[in-house]
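Source file: work_6.cif. Holds: mmCIF, C-alpha atoms.
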data_my_file
#
loop_
_atom_site.group_PDB
_atom_site.id
_atom_site.type_symbol
_atom_site.label_atom_id
_atom_site.label_comp_id
_atom_site.auth_asym_id
_atom_site.auth_seq_id
_atom_site.Cartn_x
_atom_site.Cartn_y
_atom_site.Cartn_z
ATOM 1 C CA MET M 1117 98.552 -66.413 38.407
ATOM 2 C CA THR M 1118 96.983 -64.903 35.327
ATOM 3 C CA LEU M 1119 93.513 -63.610 35.345
ATOM 4 C CA PRO M 1120 91.129 -64.407 32.553
ATOM 5 C CA GLY M 1121 91.390 -61.414 30.336
ATOM 6 C CA GLY M 1122 94.517 -60.296 32.163
ATOM 7 C CA ASP M 1123 95.852 -57.527 30.037
ATOM 8 C CA ALA M 1124 98.830 -55.353 29.499
ATOM 9 C CA ALA M 1125 97.732 -52.934 32.219
ATOM 10 C CA ALA M 1126 97.853 -55.602 34.904
ATOM 11 C CA ALA M 1127 101.134 -56.908 33.580
ATOM 12 C CA SER M 1128 102.762 -53.521 33.411
ATOM 13 C CA THR M 1129 101.908 -52.651 37.044
ATOM 14 C CA GLY M 1130 103.057 -56.094 38.110
ATOM 15 C CA SER M 1131 99.949 -56.760 40.223
ATOM 16 C CA ALA M 1132 98.157 -60.089 40.046
ATOM 17 C CA THR M 1133 94.716 -58.679 40.734
ATOM 18 C CA ARG M 1134 93.089 -55.541 39.539
ATOM 19 C CA VAL M 1135 90.847 -53.605 41.856
ATOM 20 C CA TYR M 1136 87.781 -52.028 40.368
ATOM 21 C CA LYS M 1137 87.784 -48.332 41.142
ATOM 22 C CA PRO M 1138 84.521 -46.611 40.352
ATOM 23 C CA GLU M 1139 85.214 -43.136 39.106
ATOM 24 C CA MET M 1140 82.836 -40.320 39.871
ATOM 25 C CA PRO M 1141 83.699 -37.251 37.853
ATOM 26 C CA ARG M 1142 83.496 -33.965 39.703
ATOM 27 C CA GLY M 1143 80.095 -32.389 39.343
ATOM 28 C CA TRP M 1144 78.447 -35.677 38.330
ATOM 29 C CA TRP M 1145 75.350 -34.609 40.222
ATOM 30 C CA LEU M 1146 74.920 -31.526 38.029
ATOM 31 C CA ARG M 1147 74.541 -33.583 34.873
ATOM 32 C CA ARG M 1148 71.039 -34.902 35.355
ATOM 33 C CA ARG M 1149 67.995 -33.425 37.013
ATOM 34 C CA HIS M 1150 67.405 -36.546 39.115
ATOM 35 C CA TYR M 1151 70.989 -36.597 40.362
ATOM 36 C CA PHE M 1152 70.633 -32.939 41.336
ATOM 37 C CA GLN M 1153 67.334 -33.598 43.132
ATOM 38 C CA TYR M 1154 68.968 -36.479 45.000
ATOM 39 C CA MET M 1155 71.806 -34.231 46.174
ATOM 40 C CA VAL M 1156 69.359 -31.481 47.202
ATOM 41 C CA ARG M 1157 67.491 -34.101 49.248
ATOM 42 C CA GLU M 1158 70.719 -35.127 50.970
ATOM 43 C CA PHE M 1159 71.627 -31.475 51.565
ATOM 44 C CA THR M 1160 68.314 -30.725 53.357
ATOM 45 C CA ALA M 1161 70.027 -31.997 56.521
ATOM 46 C CA VAL M 1162 72.169 -28.829 56.711
ATOM 47 C CA PRO M 1163 69.424 -26.143 56.903
ATOM 48 C CA MET M 1164 67.267 -28.380 59.107
ATOM 49 C CA ALA M 1165 70.196 -28.866 61.515
ATOM 50 C CA LEU M 1166 70.857 -25.114 61.594
ATOM 51 C CA TRP M 1167 67.221 -24.353 62.369
ATOM 52 C CA LEU M 1168 67.094 -26.924 65.192
ATOM 53 C CA LEU M 1169 70.289 -25.426 66.639
ATOM 54 C CA TRP M 1170 68.525 -22.058 66.596
ATOM 55 C CA LEU M 1171 65.571 -23.674 68.450
ATOM 56 C CA LEU M 1172 67.977 -25.073 71.040
ATOM 57 C CA TYR M 1173 69.518 -21.596 71.395
ATOM 58 C CA GLU M 1174 66.075 -20.046 71.856
ATOM 59 C CA ILE M 1175 65.277 -22.573 74.586
ATOM 60 C CA GLN M 1176 68.587 -21.812 76.261
ATOM 61 C CA ARG M 1177 67.969 -18.038 76.104
ATOM 62 C CA ALA M 1178 64.982 -18.507 78.419
ATOM 63 C CA ALA M 1179 67.398 -19.644 81.141
ATOM 64 C CA GLY M 1180 68.432 -16.002 81.617
ATOM 65 C CA GLY M 1181 65.041 -15.028 83.018
ATOM 66 C CA PRO M 1182 62.344 -12.623 81.776
ATOM 67 C CA LYS M 1183 64.710 -9.621 81.542
ATOM 68 C CA VAL M 1184 67.255 -11.433 79.388
ATOM 69 C CA TYR M 1185 64.887 -13.391 77.159
ATOM 70 C CA TYR M 1186 63.904 -11.957 73.800
ATOM 71 C CA PRO M 1187 62.186 -13.671 70.864
ATOM 72 C CA SER M 1188 63.800 -13.546 67.404
ATOM 73 C CA VAL M 1189 62.045 -10.969 65.217
ATOM 74 C CA SER M 1190 64.683 -9.801 62.730
ATOM 75 C CA PRO M 1191 63.933 -9.953 58.992
ATOM 76 C CA ALA M 1192 67.157 -11.957 58.573
ATOM 77 C CA PHE M 1193 65.803 -14.624 60.917
ATOM 78 C CA ILE M 1194 62.504 -14.776 59.022
ATOM 79 C CA VAL M 1195 64.334 -15.140 55.684
ATOM 80 C CA PHE M 1196 66.531 -17.841 57.231
ATOM 81 C CA SER M 1197 63.392 -19.664 58.442
ATOM 82 C CA VAL M 1198 61.686 -19.408 55.053
ATOM 83 C CA ILE M 1199 64.750 -20.980 53.371
ATOM 84 C CA CYS M 1200 64.892 -23.727 56.009
ATOM 85 C CA LEU M 1201 61.149 -24.295 55.600
ATOM 86 C CA GLY M 1202 61.629 -24.941 51.869
ATOM 87 C CA PHE M 1203 64.290 -27.556 52.542
ATOM 88 C CA ALA M 1204 62.289 -29.093 55.406
ATOM 89 C CA LEU M 1205 59.240 -29.448 53.149
ATOM 90 C CA TYR M 1206 61.390 -31.090 50.478
ATOM 91 C CA HIS M 1207 62.713 -33.511 53.095
ATOM 92 C CA SER M 1208 59.180 -34.302 54.297
ATOM 93 C CA ILE M 1209 57.806 -34.931 50.818
ATOM 94 C CA THR M 1210 60.715 -37.123 49.684
ATOM 95 C CA PHE M 1211 61.018 -38.996 52.980
ATOM 96 C CA LEU M 1212 57.305 -39.722 53.438
ATOM 97 C CA SER M 1213 56.926 -40.745 49.783
ATOM 98 C CA LEU M 1214 59.632 -43.367 50.290
ATOM 99 C CA ALA M 1215 57.583 -44.994 53.051
ATOM 100 C CA GLY M 1216 55.653 -46.851 50.349
ATOM 101 C CA VAL M 1217 58.872 -48.537 49.255
ATOM 102 C CA ILE M 1218 60.277 -49.204 52.711
ATOM 103 C CA ILE M 1219 57.263 -50.213 54.802
ATOM 104 C CA HIS M 1220 55.587 -53.519 53.976
ATOM 105 C CA LEU M 1221 52.422 -54.276 55.907
ATOM 106 C CA LYS M 1222 49.859 -57.024 55.715
ATOM 107 C CA PHE M 1223 46.239 -56.489 56.656
ATOM 108 C CA MET M 1224 43.780 -59.411 56.732
ATOM 109 C CA GLY M 1225 46.353 -61.501 54.902
ATOM 110 C CA LYS M 1226 46.706 -59.026 52.055
ATOM 111 C CA ALA M 1227 49.609 -56.719 51.401
ATOM 112 C CA VAL M 1228 48.715 -53.073 51.952
ATOM 113 C CA PRO M 1229 49.360 -51.206 48.681
ATOM 114 C CA PRO M 1230 52.289 -48.718 48.817
ATOM 115 C CA ARG M 1231 49.954 -45.901 47.777
ATOM 116 C CA ALA M 1232 47.820 -46.453 50.892
ATOM 117 C CA ILE M 1233 50.945 -46.390 53.089
ATOM 118 C CA VAL M 1234 52.148 -43.127 51.521
ATOM 119 C CA ALA M 1235 48.662 -41.617 51.896
ATOM 120 C CA ALA M 1236 48.636 -42.662 55.565
ATOM 121 C CA MET M 1237 52.059 -41.024 56.106
ATOM 122 C CA PHE M 1238 50.889 -37.765 54.521
ATOM 123 C CA GLY M 1239 47.731 -37.945 56.649
ATOM 124 C CA LEU M 1240 49.875 -38.429 59.741
ATOM 125 C CA TRP M 1241 51.973 -35.416 58.673
ATOM 126 C CA LEU M 1242 48.820 -33.285 58.459
ATOM 127 C CA VAL M 1243 47.516 -34.460 61.851
ATOM 128 C CA ALA M 1244 50.914 -33.926 63.546
ATOM 129 C CA SER M 1245 51.192 -30.437 62.012
ATOM 130 C CA VAL M 1246 47.716 -29.431 63.197
ATOM 131 C CA VAL M 1247 48.346 -30.746 66.728
ATOM 132 C CA ILE M 1248 51.734 -28.993 67.048
ATOM 133 C CA ALA M 1249 50.418 -25.732 65.603
ATOM 134 C CA ALA M 1250 47.494 -25.923 68.057
ATOM 135 C CA VAL M 1251 49.910 -26.362 70.996
ATOM 136 C CA LEU M 1252 52.317 -23.619 69.847
ATOM 137 C CA ILE M 1253 49.495 -21.137 69.222
ATOM 138 C CA GLY M 1254 47.006 -22.348 71.830
ATOM 139 C CA PHE M 1255 49.360 -21.995 74.798
ATOM 140 C CA ALA M 1256 50.353 -18.473 73.760
ATOM 141 C CA ARG M 1257 48.825 -15.335 75.237
ATOM 142 C CA MET V 1198 85.740 -69.122 50.200
ATOM 143 C CA ASN V 1199 84.005 -70.288 53.378
ATOM 144 C CA HIS V 1200 85.798 -67.617 55.288
ATOM 145 C CA ASP V 1201 84.615 -65.027 52.808
ATOM 146 C CA SER V 1202 80.975 -66.078 52.941
ATOM 147 C CA ALA V 1203 81.014 -66.167 56.755
ATOM 148 C CA LYS V 1204 82.449 -62.678 56.754
ATOM 149 C CA GLY V 1205 79.849 -61.581 54.249
ATOM 150 C CA THR V 1206 76.906 -62.716 56.380
ATOM 151 C CA LYS V 1207 78.123 -61.182 59.633
ATOM 152 C CA PRO V 1208 75.304 -59.014 60.948
ATOM 153 C CA ALA V 1209 76.144 -55.338 60.622
ATOM 154 C CA ILE V 1210 74.964 -54.380 64.114
ATOM 155 C CA SER V 1211 76.511 -50.927 64.104
ATOM 156 C CA HIS V 1212 74.950 -50.181 60.747
ATOM 157 C CA LEU V 1213 71.597 -51.407 62.083
ATOM 158 C CA ILE V 1214 71.791 -49.010 65.025
ATOM 159 C CA TRP V 1215 72.821 -46.018 62.916
ATOM 160 C CA TRP V 1216 70.165 -46.834 60.339
ATOM 161 C CA PHE V 1217 67.479 -47.182 63.002
ATOM 162 C CA LEU V 1218 68.382 -43.752 64.412
ATOM 163 C CA PHE V 1219 68.683 -42.361 60.874
ATOM 164 C CA ALA V 1220 65.257 -43.564 59.778
ATOM 165 C CA ASN V 1221 63.436 -42.498 62.940
ATOM 166 C CA GLY V 1222 65.170 -39.145 63.102
ATOM 167 C CA GLY V 1223 64.333 -38.544 59.451
ATOM 168 C CA GLY V 1224 60.732 -39.631 59.931
ATOM 169 C CA LEU V 1225 60.150 -37.516 63.038
ATOM 170 C CA ALA V 1226 61.737 -34.466 61.389
ATOM 171 C CA ALA V 1227 59.608 -35.054 58.274
ATOM 172 C CA LEU V 1228 56.401 -35.139 60.327
ATOM 173 C CA VAL V 1229 56.946 -32.234 62.714
ATOM 174 C CA LEU V 1230 59.761 -29.916 61.595
ATOM 175 C CA PRO V 1231 57.961 -27.937 58.848
ATOM 176 C CA VAL V 1232 55.174 -26.812 61.197
ATOM 177 C CA HIS V 1233 57.710 -25.747 63.850
ATOM 178 C CA ILE V 1234 59.593 -23.649 61.291
ATOM 179 C CA LEU V 1235 56.382 -22.205 59.827
ATOM 180 C CA VAL V 1236 54.849 -21.237 63.180
ATOM 181 C CA GLN V 1237 57.943 -20.354 65.256
ATOM 182 C CA GLY V 1238 60.167 -19.104 62.457
ATOM 183 C CA VAL V 1239 57.767 -17.285 60.128
ATOM 184 C CA LEU V 1240 54.223 -16.671 61.424
ATOM 185 C CA GLY V 1241 55.287 -15.850 65.014
ATOM 186 C CA PRO V 1242 58.040 -13.335 64.139
ATOM 187 C CA LEU V 1243 55.766 -11.734 61.505
ATOM 188 C CA GLY V 1244 53.085 -11.290 64.162
ATOM 189 C CA VAL V 1245 50.453 -13.197 62.184
ATOM 190 C CA VAL V 1246 49.609 -15.361 65.208
ATOM 191 C CA HIS V 1247 50.525 -15.403 68.892
ATOM 192 C CA VAL V 1248 53.113 -18.107 69.447
ATOM 193 C CA VAL V 1249 54.170 -19.618 72.758
ATOM 194 C CA ASP V 1250 57.848 -18.626 72.381
ATOM 195 C CA ARG V 1251 57.103 -14.916 71.773
ATOM 196 C CA LYS V 1252 56.762 -14.204 75.506
ATOM 197 C CA TYR V 1253 59.002 -15.386 78.335
ATOM 198 C CA ASP V 1254 56.144 -16.466 80.637
ATOM 199 C CA THR V 1255 54.411 -18.789 78.186
ATOM 200 C CA TRP V 1256 57.710 -20.120 76.792
ATOM 201 C CA ILE V 1257 59.226 -21.010 80.173
ATOM 202 C CA SER V 1258 55.938 -22.504 81.298
ATOM 203 C CA ILE V 1259 55.642 -24.909 78.352
ATOM 204 C CA LEU V 1260 59.368 -25.754 78.556
ATOM 205 C CA GLY V 1261 58.803 -26.859 82.147
ATOM 206 C CA ASN V 1262 56.438 -29.619 81.024
ATOM 207 C CA PRO V 1263 58.203 -33.021 81.205
ATOM 208 C CA ILE V 1264 56.351 -34.306 78.116
ATOM 209 C CA VAL V 1265 57.469 -31.258 76.125
ATOM 210 C CA LYS V 1266 61.043 -31.842 77.337
ATOM 211 C CA LEU V 1267 60.938 -35.494 76.200
ATOM 212 C CA TYR V 1268 59.446 -34.482 72.866
ATOM 213 C CA LEU V 1269 62.084 -31.809 72.212
ATOM 214 C CA LEU V 1270 64.864 -34.209 73.228
ATOM 215 C CA ALA V 1271 63.563 -36.927 70.901
ATOM 216 C CA LEU V 1272 63.149 -34.454 68.036
ATOM 217 C CA ILE V 1273 66.545 -32.737 68.301
ATOM 218 C CA SER V 1274 68.558 -35.835 69.191
ATOM 219 C CA LEU V 1275 67.090 -38.256 66.632
ATOM 220 C CA ALA V 1276 67.154 -35.574 63.928
ATOM 221 C CA PHE V 1277 70.864 -35.021 64.492
ATOM 222 C CA PHE V 1278 71.608 -38.745 64.134
ATOM 223 C CA HIS V 1279 69.723 -38.532 60.848
ATOM 224 C CA PHE V 1280 71.700 -35.453 59.781
ATOM 225 C CA ALA V 1281 75.009 -37.107 60.738
ATOM 226 C CA HIS V 1282 74.281 -40.173 58.615
ATOM 227 C CA ARG V 1283 73.050 -38.129 55.657
ATOM 228 C CA LEU V 1284 75.892 -35.635 55.654
ATOM 229 C CA ARG V 1285 78.508 -38.382 55.880
ATOM 230 C CA TYR V 1286 77.181 -39.999 52.707
ATOM 231 C CA PHE V 1287 76.606 -36.569 51.130
ATOM 232 C CA LEU V 1288 80.355 -35.996 51.447
ATOM 233 C CA VAL V 1289 81.072 -39.452 50.006
ATOM 234 C CA ASP V 1290 78.866 -38.561 47.037
ATOM 235 C CA LEU V 1291 80.687 -35.271 46.598
ATOM 236 C CA GLY V 1292 83.925 -37.223 46.221
ATOM 237 C CA VAL V 1293 85.286 -37.252 49.777
ATOM 238 C CA PRO V 1294 86.017 -40.942 50.441
ATOM 239 C CA ALA V 1295 87.489 -40.038 53.830
ATOM 240 C CA ALA V 1296 83.891 -39.612 55.049
ATOM 241 C CA ARG V 1297 83.636 -43.416 55.052
ATOM 242 C CA THR V 1298 86.450 -43.888 57.546
ATOM 243 C CA LEU V 1299 86.199 -44.597 61.253
ATOM 244 C CA PRO V 1300 87.464 -41.134 62.308
ATOM 245 C CA ALA V 1301 84.712 -39.581 60.155
ATOM 246 C CA GLN V 1302 82.128 -41.818 61.836
ATOM 247 C CA VAL V 1303 83.447 -40.768 65.243
ATOM 248 C CA ILE V 1304 83.198 -37.083 64.273
ATOM 249 C CA PHE V 1305 79.711 -37.268 62.753
ATOM 250 C CA TYR V 1306 77.969 -39.629 65.180
ATOM 251 C CA GLY V 1307 80.006 -38.173 68.032
ATOM 252 C CA GLY V 1308 78.625 -34.794 67.007
ATOM 253 C CA ALA V 1309 75.093 -36.152 67.260
ATOM 254 C CA VAL V 1310 75.895 -37.581 70.706
ATOM 255 C CA ALA V 1311 77.297 -34.178 71.726
ATOM 256 C CA VAL V 1312 74.164 -32.357 70.526
ATOM 257 C CA THR V 1313 72.077 -34.879 72.489
ATOM 258 C CA GLY V 1314 74.114 -34.144 75.614
ATOM 259 C CA VAL V 1315 73.824 -30.371 75.164
ATOM 260 C CA THR V 1316 70.059 -30.703 74.562
ATOM 261 C CA ILE V 1317 69.585 -32.686 77.792
ATOM 262 C CA TRP V 1318 71.603 -30.082 79.669
ATOM 263 C CA VAL V 1319 69.692 -27.143 78.160
ATOM 264 C CA LEU V 1320 66.287 -28.746 78.784
ATOM 265 C CA LEU V 1321 67.138 -29.540 82.412
ATOM 266 C CA THR V 1322 68.747 -26.197 83.277
ATOM 267 C CA THR V 1323 66.420 -23.787 81.431
ATOM 268 C CA ALA V 1324 63.224 -24.831 83.181
ATOM 269 C CA PRO V 1325 64.114 -27.345 85.908
ATOM 270 C CA ILE V 1326 61.436 -29.977 86.517
#
Let me see the file written as structure tokens.
Amino acid sequence: MTLPGGDAAAASTGSATRVYKPEMPRGWWLRRRHYFQYMVREFTAVPMALWLLWLLYEIQRAAGGPKVYYPSVSPAFIVFSVICLGFALYHSITFLSLAGVIIHLKFMGKAVPPRAIVAAMFGLWLVASVVIAAVLIGFAR
Amino acid sequence: MNHDSAKGTKPAISHLIWWFLFANGGGLAALVLPVHILVQGVLGPLGVVHVVDRKYDTWISILGNPIVKLYLLALISLAFFHFAHRLRYFLVDLGVPAARTLPAQVIFYGGAVAVTGVTIWVLLTTAPI
């Protein structure tokens, strides 16, 4: 069987079909700002995971009782948190902005505009942040 | 041809499940994680505000609340399914095609299952209900 446009390459390897192999050069994501931003967005999972593992560790430390428990206060921990906070904020902004593309709602027979959905998500983010901050600070002594 | 089209329309149930966990984990983390990091990781340790995890008594007391336990489980578990999905495709993008394979899926999603298990154990043993 010969393929339309079957060329010397196919003939020389002796294969009847040619498989398309997309080639991604190393460092492709460094070539354009948008590619880089995309990869930073994907990478946000790493610092967020590390911070949540720290949270889990802090919960677990309380199992030792009042004499064993100590809260993290070191400058290294604060720097670590600040870095994680930057990535977490980037995740929030990119993820919630995408809601306008992903979520399709109809209200009174009309499609809700994506801008309204994104605004609602950012509003929800604000409300959730205020409530959680109120609990974390309000139940402290 | 028929065989191919039937194969092509087969519902990707596993992908649906992973994507559901991915999207919800990502959404929950987007809504609540920054404030946790800001308050518990920066403002609390700096002493700007009193935070519940700075003292044993208040920390253990809030950890004993079943609603708080459920919330923390949902946050940590769903977030890790999100992280697993993202990191797997992050590696694919970096030029590691092996991240697409079944063993990679077992490692990444299995890791999220393991974190879920550890979280349940920690939440139930630290401040028993």
Please, which residues in chain V fall within 8 Å of chain M when counting only C-alpha atoms, and what is the closest atom pair and distance in Å to one decimal for each, ordered by chain then residue number, as a tab-separated table?
residue	atom	partner	partner_atom	distance
V:Gly1223	CA	M:Phe1211	CA	7.3
V:Gly1224	CA	M:Phe1211	CA	7.0
V:Ala1226	CA	M:Ser1208	CA	7.5
V:Ala1227	CA	M:Ser1208	CA	4.1
V:Leu1228	CA	M:Trp1241	CA	4.7
V:Val1229	CA	M:Ser1245	CA	6.1
V:Leu1230	CA	M:Ala1204	CA	6.7
V:Pro1231	CA	M:Ala1204	CA	5.6
V:Val1232	CA	M:Ser1245	CA	5.4
V:His1233	CA	M:Ala1249	CA	7.5
V:Ile1234	CA	M:Leu1201	CA	5.9
V:Leu1235	CA	M:Leu1201	CA	6.7
V:Val1236	CA	M:Ala1249	CA	6.8
V:Gln1237	CA	M:Leu1252	CA	8.0
V:Gly1238	CA	M:Ser1197	CA	5.2
V:Val1239	CA	M:Ile1194	CA	5.5
V:Pro1242	CA	M:Val1189	CA	4.8
V:Leu1243	CA	M:Val1189	CA	7.3
V:Val1246	CA	M:Ile1253	CA	7.0
V:His1247	CA	M:Ala1256	CA	5.8
V:Val1248	CA	M:Ile1253	CA	4.7
V:Val1249	CA	M:Ala1256	CA	4.1
V:Asp1250	CA	M:Pro1187	CA	6.8
V:Arg1251	CA	M:Pro1187	CA	5.3
V:Lys1252	CA	M:Pro1187	CA	7.2
V:Tyr1253	CA	M:Pro1182	CA	5.5
V:Asp1254	CA	M:Pro1182	CA	7.4
V:Thr1255	CA	M:Ala1256	CA	6.0
V:Trp1256	CA	M:Ala1178	CA	7.6
V:Ile1257	CA	M:Ala1178	CA	6.5
V:Ile1259	CA	M:Phe1255	CA	7.8
V:Leu1260	CA	M:Ile1175	CA	7.8
V:Ile1273	CA	M:Leu1168	CA	6.6
V:Ala1276	CA	M:Ala1165	CA	7.8
V:Phe1277	CA	M:Ala1165	CA	6.9
V:His1279	CA	M:Ala1161	CA	7.8
V:Phe1280	CA	M:Ala1161	CA	5.0
V:Arg1283	CA	M:Glu1158	CA	6.0
V:Leu1284	CA	M:Ala1161	CA	7.0
V:Phe1287	CA	M:Glu1158	CA	6.1
V:Leu1291	CA	M:Arg1142	CA	7.6
V:Gly1292	CA	M:Met1140	CA	7.1
V:Thr1316	CA	M:Leu1172	CA	7.0
V:Val1319	CA	M:Gln1176	CA	5.8
V:Leu1320	CA	M:Ile1175	CA	7.5
V:Thr1322	CA	M:Ala1179	CA	7.0
V:Thr1323	CA	M:Ala1179	CA	4.3
V:Ala1324	CA	M:Ala1179	CA	7.0
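Atom pair CA of Val1265 in chain V / CA of Thr1313 in chain V: separated by 15.5 Å.
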Separation of CA of Thr1206 in chain V from CA of Arg1297 in chain V in Å: 20.5 Å
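Close to (50.8, -43.8, 52.0), meaning no more than 10 Å away when counting only C-alpha atoms, sit the residues Leu1212, Ser1213, Leu1214, Ala1215, Gly1216, Val1217, Ile1219, Val1228, Pro1229, Pro1230, Arg1231, Ala1232, Ile1233, Val1234, Ala1235, Ala1236, Met1237, Phe1238, Gly1239 and Leu1240 of chain M.
Coordinates place CA of His1282 in chain V at a distance of 14.3 Å from CA of Pro1294 in chain V.
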